[in-house]
$ cat query.cif   # mmCIF, C-alpha atoms
data_work
loop_
_atom_site.group_PDB
_atom_site.id
_atom_site.type_symbol
_atom_site.label_atom_id
_atom_site.label_comp_id
_atom_site.auth_asym_id
_atom_site.auth_seq_id
_atom_site.Cartn_x
_atom_site.Cartn_y
_atom_site.Cartn_z
ATOM 1 C CA ASP A 1 1.640 13.184 -14.333
ATOM 2 C CA ALA A 2 5.080 13.887 -15.785
ATOM 3 C CA PRO A 3 6.081 16.672 -13.323
ATOM 4 C CA ALA A 4 4.969 14.513 -10.396
ATOM 5 C CA MET A 5 7.053 11.574 -11.612
ATOM 6 C CA ILE A 6 10.102 13.785 -12.185
ATOM 7 C CA LEU A 7 9.993 14.854 -8.537
ATOM 8 C CA LEU A 8 9.318 11.282 -7.421
ATOM 9 C CA HIS A 9 12.396 10.011 -9.249
ATOM 10 C CA LEU A 10 14.430 12.874 -7.813
ATOM 11 C CA SER A 11 13.355 11.828 -4.318
ATOM 12 C CA MET A 12 14.390 8.250 -5.065
ATOM 13 C CA TYR A 13 17.779 9.535 -6.200
ATOM 14 C CA LEU A 14 18.155 11.387 -2.894
ATOM 15 C CA PHE A 15 17.196 8.243 -0.951
ATOM 16 C CA ALA A 16 19.335 5.783 -2.893
ATOM 17 C CA CYS A 17 22.386 7.697 -4.067
ATOM 18 C CA CYS A 18 22.758 10.564 -1.587
ATOM 19 C CA ASP A 19 21.475 8.929 1.610
ATOM 20 C CA ALA A 20 19.593 12.218 2.116
ATOM 21 C CA TRP A 21 16.351 10.959 3.594
ATOM 22 C CA ALA A 22 15.067 14.241 5.010
ATOM 23 C CA TRP A 23 15.464 16.061 1.694
ATOM 24 C CA GLY A 24 14.100 13.025 -0.092
ATOM 25 C CA CYS A 25 10.949 13.190 2.031
ATOM 26 C CA VAL A 26 10.537 16.878 1.156
ATOM 27 C CA VAL A 27 10.751 16.174 -2.574
ATOM 28 C CA PHE A 28 8.536 13.082 -2.256
ATOM 29 C CA SER A 29 5.851 15.151 -0.547
ATOM 30 C CA LEU A 30 6.124 17.813 -3.251
ATOM 31 C CA ALA A 31 5.472 15.078 -5.812
ATOM 32 C CA VAL A 32 2.393 13.954 -3.859
ATOM 33 C CA SER A 33 1.149 17.557 -3.834
ATOM 34 C CA ILE A 34 1.127 17.527 -7.640
ATOM 35 C CA LYS A 35 -0.651 14.178 -8.043
ATOM 36 C CA MET A 36 -1.631 11.604 -5.474
ATOM 37 C CA ASN A 37 -0.726 8.575 -7.559
ATOM 38 C CA VAL A 38 2.723 9.020 -5.992
ATOM 39 C CA LEU A 39 1.189 7.555 -2.826
ATOM 40 C CA LEU A 40 1.447 4.155 -4.524
ATOM 41 C CA PHE A 41 5.144 4.364 -3.624
ATOM 42 C CA ALA A 42 4.315 5.148 0.019
ATOM 43 C CA PRO A 43 4.098 1.563 1.383
ATOM 44 C CA GLY A 44 7.583 0.840 0.070
ATOM 45 C CA LEU A 45 8.890 4.137 1.453
ATOM 46 C CA LEU A 46 7.378 3.394 4.870
ATOM 47 C CA LEU A 47 9.168 0.046 5.011
ATOM 48 C CA LEU A 48 12.434 1.674 3.968
ATOM 49 C CA LEU A 49 12.096 4.383 6.616
ATOM 50 C CA LEU A 50 11.474 1.790 9.323
ATOM 51 C CA GLN A 51 14.508 -0.180 8.203
ATOM 52 C CA LYS A 52 16.676 2.884 7.720
ATOM 53 C CA ASN A 53 15.945 4.442 11.104
ATOM 54 C CA ARG A 54 15.582 1.204 13.082
ATOM 55 C CA SER A 55 13.200 3.152 15.295
ATOM 56 C CA LEU A 56 9.650 4.374 15.309
ATOM 57 C CA PHE A 57 10.883 7.777 16.480
ATOM 58 C CA GLY A 58 13.092 8.335 13.442
ATOM 59 C CA THR A 59 10.376 7.125 11.096
ATOM 60 C CA VAL A 60 7.794 9.488 12.599
ATOM 61 C CA ARG A 61 10.292 12.337 12.216
ATOM 62 C CA HIS A 62 10.639 11.677 8.486
ATOM 63 C CA LEU A 63 6.898 11.230 8.043
ATOM 64 C CA SER A 64 6.363 14.523 9.855
ATOM 65 C CA ILE A 65 8.486 16.214 7.195
ATOM 66 C CA CYS A 66 6.133 14.861 4.523
ATOM 67 C CA ALA A 67 3.088 16.000 6.510
ATOM 68 C CA LEU A 68 4.539 19.477 7.112
ATOM 69 C CA VAL A 69 5.078 20.034 3.392
ATOM 70 C CA GLN A 70 1.458 19.063 2.723
ATOM 71 C CA LEU A 71 0.245 21.353 5.499
ATOM 72 C CA VAL A 72 2.206 24.349 4.192
ATOM 73 C CA LEU A 73 1.123 23.861 0.583
ATOM 74 C CA GLY A 74 -2.491 23.194 1.486
ATOM 75 C CA TRP A 75 -2.850 25.866 4.151
ATOM 76 C CA PRO A 76 -4.558 28.482 1.894
ATOM 77 C CA PHE A 77 -7.289 25.920 1.217
ATOM 78 C CA LEU A 78 -7.351 24.221 4.625
ATOM 79 C CA SER A 79 -7.768 27.572 6.340
ATOM 80 C CA THR A 80 -10.746 28.577 4.192
ATOM 81 C CA HIS A 81 -12.596 25.469 2.970
ATOM 82 C CA PRO A 82 -11.033 22.478 4.769
ATOM 83 C CA ILE A 83 -13.874 19.984 4.307
ATOM 84 C CA SER A 84 -14.282 20.659 0.586
ATOM 85 C CA TYR A 85 -10.514 20.574 0.062
ATOM 86 C CA ILE A 86 -10.017 17.236 1.799
ATOM 87 C CA LYS A 87 -13.118 15.717 0.219
ATOM 88 C CA LYS A 88 -12.046 16.635 -3.316
ATOM 89 C CA ALA A 89 -8.431 15.678 -2.655
ATOM 90 C CA PHE A 90 -9.372 12.061 -1.954
ATOM 91 C CA GLU A 91 -12.810 11.738 -3.597
ATOM 92 C CA PHE A 92 -13.398 8.133 -2.570
ATOM 93 C CA ASP A 93 -16.911 8.184 -4.082
ATOM 94 C CA ARG A 94 -15.643 8.979 -7.567
ATOM 95 C CA VAL A 95 -17.135 6.850 -10.357
ATOM 96 C CA PHE A 96 -14.693 5.722 -13.049
ATOM 97 C CA PHE A 97 -15.878 5.361 -16.637
ATOM 98 C CA SER A 98 -14.845 2.346 -18.671
ATOM 99 C CA LYS A 99 -14.740 4.456 -21.845
ATOM 100 C CA TRP A 100 -11.147 5.580 -21.273
ATOM 101 C CA THR A 101 -9.739 2.633 -19.366
ATOM 102 C CA VAL A 102 -6.814 0.683 -20.779
ATOM 103 C CA ASN A 103 -6.666 -2.213 -18.335
ATOM 104 C CA TRP A 104 -10.150 -3.682 -17.780
ATOM 105 C CA LYS A 105 -11.811 -3.080 -21.140
ATOM 106 C CA PHE A 106 -12.824 -6.731 -21.437
ATOM 107 C CA LEU A 107 -15.097 -6.501 -18.377
ATOM 108 C CA PRO A 108 -18.809 -5.609 -18.647
ATOM 109 C CA GLU A 109 -19.318 -1.935 -17.807
ATOM 110 C CA ASP A 110 -21.727 -2.634 -14.948
ATOM 111 C CA LEU A 111 -19.103 -4.833 -13.290
ATOM 112 C CA PHE A 112 -16.319 -2.327 -13.975
ATOM 113 C CA ILE A 113 -18.092 0.512 -12.123
ATOM 114 C CA SER A 114 -19.472 -1.654 -9.311
ATOM 115 C CA LYS A 115 -18.329 -1.242 -5.703
ATOM 116 C CA PRO A 116 -17.827 -5.022 -5.171
ATOM 117 C CA TRP A 117 -15.269 -5.026 -8.005
ATOM 118 C CA ALA A 118 -13.529 -2.054 -6.419
ATOM 119 C CA MET A 119 -13.372 -3.944 -3.108
ATOM 120 C CA VAL A 120 -11.926 -7.020 -4.836
ATOM 121 C CA LEU A 121 -9.141 -4.938 -6.348
ATOM 122 C CA LEU A 122 -8.478 -3.173 -3.034
ATOM 123 C CA THR A 123 -8.308 -6.515 -1.235
ATOM 124 C CA CYS A 124 -5.869 -7.893 -3.814
ATOM 125 C CA HIS A 125 -3.771 -4.733 -3.534
ATOM 126 C CA LEU A 126 -3.535 -4.850 0.258
ATOM 127 C CA GLY A 127 -3.058 -8.622 0.273
ATOM 128 C CA SER A 128 -0.179 -8.364 -2.196
ATOM 129 C CA LEU A 129 1.484 -5.643 -0.128
ATOM 130 C CA GLY A 130 1.131 -7.831 2.958
ATOM 131 C CA PHE A 131 2.631 -10.792 1.124
ATOM 132 C CA LEU A 132 5.594 -8.749 -0.061
ATOM 133 C CA ALA A 133 6.121 -7.271 3.417
ATOM 134 C CA THR A 134 6.362 -10.819 4.775
ATOM 135 C CA LYS A 135 8.716 -11.767 1.943
ATOM 136 C CA TRP A 136 10.921 -8.722 2.576
ATOM 137 C CA TRP A 137 11.068 -9.639 6.303
ATOM 138 C CA LYS A 138 12.138 -13.197 5.531
ATOM 139 C CA ALA A 139 14.790 -11.858 3.163
ATOM 140 C CA SER A 140 16.229 -9.692 5.934
ATOM 141 C CA VAL A 141 16.367 -12.724 8.226
ATOM 142 C CA SER A 142 18.087 -14.728 5.496
ATOM 143 C CA GLN A 143 20.655 -12.021 4.748
ATOM 144 C CA ARG A 144 21.407 -10.699 8.222
ATOM 145 C CA GLY A 145 20.350 -13.527 10.527
ATOM 146 C CA GLY A 146 17.503 -13.716 13.002
ATOM 147 C CA THR A 147 19.229 -11.853 15.843
ATOM 148 C CA LYS A 148 20.410 -8.925 13.731
ATOM 149 C CA THR A 149 17.047 -8.701 12.056
ATOM 150 C CA ARG A 150 15.223 -8.452 15.372
ATOM 151 C CA GLU A 151 17.630 -5.729 16.473
ATOM 152 C CA TRP A 152 17.340 -4.069 13.087
ATOM 153 C CA MET A 153 13.552 -4.164 13.208
ATOM 154 C CA CYS A 154 13.284 -3.016 16.831
ATOM 155 C CA TRP A 155 11.162 -0.067 15.838
ATOM 156 C CA THR A 156 10.152 1.015 19.334
ATOM 157 C CA ASN A 157 13.726 1.840 20.394
ATOM 158 C CA ASN A 158 15.720 4.735 19.018
ATOM 159 C CA ALA A 159 18.790 3.121 17.428
ATOM 160 C CA LYS A 160 22.119 4.908 17.785
ATOM 161 C CA ASP A 161 23.297 4.295 14.231
ATOM 162 C CA ASN A 162 21.200 4.249 11.087
ATOM 163 C CA LEU A 163 21.759 1.616 8.450
ATOM 164 C CA GLN A 164 22.782 2.496 4.934
ATOM 165 C CA LEU A 165 20.419 0.611 2.672
ATOM 166 C CA SER A 166 21.737 -0.481 -0.706
ATOM 167 C CA PRO A 167 20.624 1.622 -3.705
ATOM 168 C CA GLU A 168 19.380 -1.489 -5.529
ATOM 169 C CA TYR A 169 17.178 -2.456 -2.609
ATOM 170 C CA ILE A 170 15.749 1.059 -2.219
ATOM 171 C CA ILE A 171 14.853 1.430 -5.885
ATOM 172 C CA TYR A 172 13.510 -2.103 -6.212
ATOM 173 C CA THR A 173 11.325 -1.761 -3.105
ATOM 174 C CA MET A 174 9.751 1.510 -4.226
ATOM 175 C CA PHE A 175 9.247 0.355 -7.804
ATOM 176 C CA ALA A 176 7.652 -2.893 -6.615
ATOM 177 C CA SER A 177 5.323 -0.993 -4.263
ATOM 178 C CA ASN A 178 4.179 1.241 -7.110
ATOM 179 C CA TYR A 179 3.773 -1.693 -9.494
ATOM 180 C CA ILE A 180 1.500 -3.565 -7.091
ATOM 181 C CA GLY A 181 -0.823 -0.566 -7.035
ATOM 182 C CA ILE A 182 -0.832 -0.330 -10.816
ATOM 183 C CA ALA A 183 -1.464 -4.049 -11.309
ATOM 184 C CA PHE A 184 -4.648 -3.767 -9.228
ATOM 185 C CA ALA A 185 -5.674 -0.271 -10.306
ATOM 186 C CA ARG A 186 -9.351 0.166 -10.986
ATOM 187 C CA THR A 187 -8.578 2.067 -14.154
ATOM 188 C CA LEU A 188 -5.501 3.084 -16.113
ATOM 189 C CA HIS A 189 -5.609 5.936 -18.591
ATOM 190 C CA TYR A 190 -3.056 6.394 -21.348
ATOM 191 C CA GLN A 191 -1.059 9.104 -19.591
ATOM 192 C CA PHE A 192 -0.659 6.841 -16.553
ATOM 193 C CA TYR A 193 1.912 4.845 -18.501
ATOM 194 C CA CYS A 194 4.520 7.357 -17.332
ATOM 195 C CA TRP A 195 3.905 6.138 -13.760
ATOM 196 C CA TYR A 196 5.823 2.933 -14.352
ATOM 197 C CA PHE A 197 7.156 2.377 -17.889
ATOM 198 C CA CYS A 198 10.728 3.247 -16.879
ATOM 199 C CA SER A 199 10.620 0.796 -13.958
ATOM 200 C CA LEU A 200 9.667 -2.243 -16.039
ATOM 201 C CA PRO A 201 13.169 -3.198 -17.278
ATOM 202 C CA MET A 202 14.616 -3.046 -13.765
ATOM 203 C CA LEU A 203 11.724 -4.939 -12.181
ATOM 204 C CA HIS A 204 11.983 -7.688 -14.793
ATOM 205 C CA TRP A 205 15.764 -7.830 -14.491
ATOM 206 C CA MET A 206 15.789 -7.949 -10.683
ATOM 207 C CA ALA A 207 13.046 -10.585 -10.701
ATOM 208 C CA THR A 208 14.992 -12.616 -13.268
ATOM 209 C CA MET A 209 18.461 -12.498 -11.737
ATOM 210 C CA SER A 210 17.981 -15.175 -9.095
ATOM 211 C CA PRO A 211 20.910 -17.476 -8.211
ATOM 212 C CA GLN A 212 19.056 -20.405 -9.762
ATOM 213 C CA SER A 213 18.514 -18.591 -13.061
ATOM 214 C CA ALA A 214 22.033 -17.143 -13.195
ATOM 215 C CA ASN A 215 23.498 -20.644 -13.138
ATOM 216 C CA ASN A 216 21.065 -22.076 -15.675
ATOM 217 C CA LEU A 217 21.358 -20.736 -19.222
ATOM 218 C CA ALA A 218 18.082 -22.285 -20.388
ATOM 219 C CA ARG A 219 16.131 -20.829 -17.463
ATOM 220 C CA MET A 220 17.757 -17.449 -17.944
ATOM 221 C CA SER A 221 16.869 -17.478 -21.636
ATOM 222 C CA ILE A 222 13.244 -18.270 -20.852
ATOM 223 C CA HIS A 223 13.081 -15.498 -18.248
ATOM 224 C CA LEU A 224 14.569 -12.946 -20.629
ATOM 225 C CA ALA A 225 12.263 -13.989 -23.456
ATOM 226 C CA THR A 226 9.132 -13.781 -21.313
ATOM 227 C CA SER A 227 10.243 -10.476 -19.794
ATOM 228 C CA THR A 228 10.834 -8.984 -23.231
ATOM 229 C CA ALA A 229 7.429 -10.219 -24.387
ATOM 230 C CA ALA A 230 5.741 -8.720 -21.305
ATOM 231 C CA ILE A 231 7.395 -5.323 -21.785
ATOM 232 C CA PHE A 232 6.387 -5.244 -25.446
ATOM 233 C CA GLY A 233 2.888 -6.419 -24.472
ATOM 234 C CA ILE A 234 2.440 -3.433 -22.157
ATOM 235 C CA GLU A 235 3.850 -1.104 -24.822
ATOM 236 C CA TYR A 236 1.419 -2.569 -27.348
ATOM 237 C CA ALA A 237 -1.584 -2.104 -25.058
ATOM 238 C CA PHE A 238 -0.824 1.561 -24.392
ATOM 239 C CA ASN A 239 -0.429 2.248 -28.112
ATOM 240 C CA ILE A 240 -3.871 0.948 -29.072
ATOM 241 C CA PHE A 241 -6.500 3.704 -29.087
ATOM 242 C CA PRO A 242 -9.200 3.254 -28.170
ATOM 243 C CA ALA A 243 -8.437 0.239 -26.032
ATOM 244 C CA THR A 244 -9.984 -3.045 -27.073
ATOM 245 C CA GLU A 245 -10.776 -6.243 -25.229
ATOM 246 C CA LYS A 246 -7.712 -7.809 -26.841
ATOM 247 C CA SER A 247 -5.316 -5.002 -25.897
ATOM 248 C CA SER A 248 -6.623 -4.957 -22.327
ATOM 249 C CA MET A 249 -6.198 -8.700 -22.032
ATOM 250 C CA VAL A 250 -2.618 -8.456 -23.330
ATOM 251 C CA LEU A 251 -1.926 -5.719 -20.774
ATOM 252 C CA GLN A 252 -3.312 -7.690 -17.858
ATOM 253 C CA LEU A 253 -1.480 -10.874 -18.838
ATOM 254 C CA SER A 254 1.754 -8.887 -19.098
ATOM 255 C CA HIS A 255 1.076 -7.384 -15.665
ATOM 256 C CA LEU A 256 0.335 -10.812 -14.230
ATOM 257 C CA LEU A 257 3.586 -12.257 -15.564
ATOM 258 C CA LEU A 258 5.717 -9.609 -13.870
ATOM 259 C CA LEU A 259 3.640 -9.790 -10.698
ATOM 260 C CA THR A 260 4.267 -13.535 -10.515
ATOM 261 C CA LYS A 261 7.997 -13.013 -11.014
ATOM 262 C CA ILE A 262 8.155 -10.419 -8.234
ATOM 263 C CA PHE A 263 6.331 -12.758 -5.864
ATOM 264 C CA ALA A 264 8.714 -15.617 -6.675
ATOM 265 C CA ALA A 265 12.030 -13.755 -6.929
ATOM 266 C CA GLY A 266 14.568 -13.040 -4.226
ATOM 267 C CA LEU A 267 15.774 -9.622 -3.130
ATOM 268 C CA PRO A 268 19.013 -7.738 -3.769
ATOM 269 C CA SER A 269 21.421 -7.090 -0.916
ATOM 270 C CA ILE A 270 19.507 -5.042 1.631
ATOM 271 C CA ALA A 271 22.245 -3.154 3.465
ATOM 272 C CA VAL A 272 25.568 -1.677 2.401
ATOM 273 C CA GLU A 273 28.344 -3.307 4.370
ATOM 274 C CA ALA A 274 30.896 -1.329 6.350
ATOM 275 C CA GLY A 275 33.656 -1.895 3.774
ATOM 276 C CA GLU A 276 31.497 -0.589 0.966
ATOM 277 C CA LYS A 277 30.657 2.549 2.976
ATOM 278 C CA LYS A 278 34.332 3.397 3.337
ATOM 279 C CA GLU A 279 34.942 2.918 -0.376
ATOM 280 C CA ASN A 280 32.041 5.226 -1.178
#
$ encode --input "query.cif" --output "structure tokens"
Amino acid sequence: DAPAMILLHLSMYLFACCDAWAWGCVVFSLAVSIKMNVLLFAPGLLLLLLQKNRSLFGTVRHLSICALVQLVLGWPFLSTHPISYIKKAFEFDRVFFSKWTVNWKFLPEDLFISKPWAMVLLTCHLGSLGFLATKWWKASVSQRGGTKTREWMCWTNNAKDNLQLSPEYIIYTMFASNYIGIAFARTLHYQFYCWYFCSLPMLHWMATMSPQSANNLARMSIHLATSTAAIFGIEYAFNIFPATEKSSMVLQLSHLLLLTKIFAAGLPSIAVEAGEKKEN
């Protein structure tokens, strides 16, 4: 888990701070090759690539880089036992045991391992991603206007100039995408904490720093207090071994609080303006 997350964070650095999207895609794909939980960041990355390139052609080019890395690394296995390799790589029929779970310990075991429960979580995951995609679209309309947004999102035409997305927006989008997957994960083991613990302060801060809260000391104080409690709640849950019904409930309530804040909060500035580019 740790090596995969190191590469994932390196790829985010390349995206956000170096504007090196091709190299970022290489490193991102290397992280996926170590552990596939990195794919939780993929919906956010896809949105960023579409916005960055302003064209389907440019997006496919970057996705092809990711696919090529996977093909090269997996070729020794794909060329000998392709079906077994792909089947074990995804393993959709895997049964999770409630013995080691941290997040749903308060559920009956027969419900925890049931396929209907898995479908409920998958539906919530996809529905939340769809909701956030709509929210991100509306934010782009609000920040750049309807006409510019339609030009910006004209994904079927190859745009002449790429946009430089703001580092805050890039990091927030990818962290939020990953967090949605974690909030609706079927099971979380203790080592999975490294998937998202370092993103919690930023997610809470970005979800708290709305214009309404910034101008209202009482509201800001409440947001900061609840955010601090949620972060400590998650820390508490991952430090209880074995997990109990109480610790799992604290974890899920802490997850729900941040999820609600992300749904309700605005977005940081999406694009770097021309003046800021020159300064950089």
$ atom_distance --input "query.cif" --atom1 "CA of Leu48 (chain A)" --atom2 "CA of Val60 (chain A)"
12.5 Å
$ atom_distance --input "query.cif" --atom1 "CA of Gly127 (chain A)" --atom2 "CA of Leu259 (chain A)"
12.9 Å
$ residues_around --input "query.cif" --residues "Val26 (chain A)" --least-positions-apart "6" --cutoff "7 Å" --atoms "only C-alpha atoms" --output "PyMOL selection string"
chain A and resi 65-66+69
$ atom_distance --input "query.cif" --atom1 "CA of Ile262 (chain A)" --atom2 "CA of Phe131 (chain A)"
10.9 Å
$ resolve_selection --input "query.cif" --expression "the PyMOL selection byres ((chain A and resi 109) around 12)" --output "JSON, numbers by chain"
{"A": [95, 96, 97, 98, 99, 100, 101, 104, 105, 106, 107, 108, 110, 111, 112, 113, 114, 117]}
$ residues_around --input "query.cif" --residues "Ala22 (chain A)" --least-positions-apart "6" --cutoff "10 Å" --atoms "only C-alpha atoms" --output "PyMOL selection string"
chain A and resi 11+14-15+28+61-66
$ write_last_selection --input "query.cif" --atoms "C-alpha atoms" --output "PDB file, keeping the file's coordinate frame"
ATOM      1  CA  SER A  11      13.355  11.828  -4.318  1.00  0.00           C
ATOM      2  CA  LEU A  14      18.155  11.387  -2.894  1.00  0.00           C
ATOM      3  CA  PHE A  15      17.196   8.243  -0.951  1.00  0.00           C
ATOM      4  CA  PHE A  28       8.536  13.082  -2.256  1.00  0.00           C
ATOM      5  CA  ARG A  61      10.292  12.337  12.216  1.00  0.00           C
ATOM      6  CA  HIS A  62      10.639  11.677   8.486  1.00  0.00           C
ATOM      7  CA  LEU A  63       6.898  11.230   8.043  1.00  0.00           C
ATOM      8  CA  SER A  64       6.363  14.523   9.855  1.00  0.00           C
ATOM      9  CA  ILE A  65       8.486  16.214   7.195  1.00  0.00           C
ATOM     10  CA  CYS A  66       6.133  14.861   4.523  1.00  0.00           C
TER      11      CYS A  66
END
$ residues_around --input "query.cif" --residues "Gly266 (chain A)" --least-positions-apart "3" --cutoff "12 Å" --atoms "all atoms listed in the file" --output "PDB file with C-alpha atoms, keeping the file's coordinate frame"
ATOM      1  CA  LEU A 132       5.594  -8.749  -0.061  1.00  0.00           C
ATOM      2  CA  LYS A 135       8.716 -11.767   1.943  1.00  0.00           C
ATOM      3  CA  TRP A 136      10.921  -8.722   2.576  1.00  0.00           C
ATOM      4  CA  TRP A 137      11.068  -9.639   6.303  1.00  0.00           C
ATOM      5  CA  LYS A 138      12.138 -13.197   5.531  1.00  0.00           C
ATOM      6  CA  ALA A 139      14.790 -11.858   3.163  1.00  0.00           C
ATOM      7  CA  SER A 140      16.229  -9.692   5.934  1.00  0.00           C
ATOM      8  CA  SER A 142      18.087 -14.728   5.496  1.00  0.00           C
ATOM      9  CA  GLN A 143      20.655 -12.021   4.748  1.00  0.00           C
ATOM     10  CA  TYR A 169      17.178  -2.456  -2.609  1.00  0.00           C
ATOM     11  CA  TYR A 172      13.510  -2.103  -6.212  1.00  0.00           C
ATOM     12  CA  THR A 173      11.325  -1.761  -3.105  1.00  0.00           C
ATOM     13  CA  LEU A 203      11.724  -4.939 -12.181  1.00  0.00           C
ATOM     14  CA  TRP A 205      15.764  -7.830 -14.491  1.00  0.00           C
ATOM     15  CA  MET A 206      15.789  -7.949 -10.683  1.00  0.00           C
ATOM     16  CA  ALA A 207      13.046 -10.585 -10.701  1.00  0.00           C
ATOM     17  CA  THR A 208      14.992 -12.616 -13.268  1.00  0.00           C
ATOM     18  CA  MET A 209      18.461 -12.498 -11.737  1.00  0.00           C
ATOM     19  CA  SER A 210      17.981 -15.175  -9.095  1.00  0.00           C
ATOM     20  CA  PRO A 211      20.910 -17.476  -8.211  1.00  0.00           C
ATOM     21  CA  GLN A 212      19.056 -20.405  -9.762  1.00  0.00           C
ATOM     22  CA  SER A 213      18.514 -18.591 -13.061  1.00  0.00           C
ATOM     23  CA  LYS A 261       7.997 -13.013 -11.014  1.00  0.00           C
ATOM     24  CA  ILE A 262       8.155 -10.419  -8.234  1.00  0.00           C
ATOM     25  CA  PHE A 263       6.331 -12.758  -5.864  1.00  0.00           C
ATOM     26  CA  SER A 269      21.421  -7.090  -0.916  1.00  0.00           C
ATOM     27  CA  ILE A 270      19.507  -5.042   1.631  1.00  0.00           C
TER      28      ILE A 270
END
$ resolve_selection --input "query.cif" --expression "the PyMOL selection byres ((chain A and resi 52) around 7)" --output "list in words"
Leu48, Leu49, Leu50, Gln51, Asn53, Arg54, Asn162, Leu163, Gln164 and Leu165 of chain A
$ resolve_selection --input "query.cif" --expression "the PyMOL selection byres ((chain A and resi 179) around 10)" --output "PDB file with C-alpha atoms, keeping the file's coordinate frame"
ATOM      1  CA  LEU A  40       1.447   4.155  -4.524  1.00  0.00           C
ATOM      2  CA  PHE A  41       5.144   4.364  -3.624  1.00  0.00           C
ATOM      3  CA  THR A 173      11.325  -1.761  -3.105  1.00  0.00           C
ATOM      4  CA  MET A 174       9.751   1.510  -4.226  1.00  0.00           C
ATOM      5  CA  PHE A 175       9.247   0.355  -7.804  1.00  0.00           C
ATOM      6  CA  ALA A 176       7.652  -2.893  -6.615  1.00  0.00           C
ATOM      7  CA  SER A 177       5.323  -0.993  -4.263  1.00  0.00           C
ATOM      8  CA  ASN A 178       4.179   1.241  -7.110  1.00  0.00           C
ATOM      9  CA  ILE A 180       1.500  -3.565  -7.091  1.00  0.00           C
ATOM     10  CA  GLY A 181      -0.823  -0.566  -7.035  1.00  0.00           C
ATOM     11  CA  ILE A 182      -0.832  -0.330 -10.816  1.00  0.00           C
ATOM     12  CA  ALA A 183      -1.464  -4.049 -11.309  1.00  0.00           C
ATOM     13  CA  PHE A 184      -4.648  -3.767  -9.228  1.00  0.00           C
ATOM     14  CA  ALA A 185      -5.674  -0.271 -10.306  1.00  0.00           C
ATOM     15  CA  TRP A 195       3.905   6.138 -13.760  1.00  0.00           C
ATOM     16  CA  TYR A 196       5.823   2.933 -14.352  1.00  0.00           C
ATOM     17  CA  PHE A 197       7.156   2.377 -17.889  1.00  0.00           C
ATOM     18  CA  SER A 199      10.620   0.796 -13.958  1.00  0.00           C
ATOM     19  CA  LEU A 200       9.667  -2.243 -16.039  1.00  0.00           C
ATOM     20  CA  LEU A 203      11.724  -4.939 -12.181  1.00  0.00           C
ATOM     21  CA  HIS A 255       1.076  -7.384 -15.665  1.00  0.00           C
ATOM     22  CA  LEU A 258       5.717  -9.609 -13.870  1.00  0.00           C
ATOM     23  CA  LEU A 259       3.640  -9.790 -10.698  1.00  0.00           C
ATOM     24  CA  ILE A 262       8.155 -10.419  -8.234  1.00  0.00           C
TER      25      ILE A 262
END
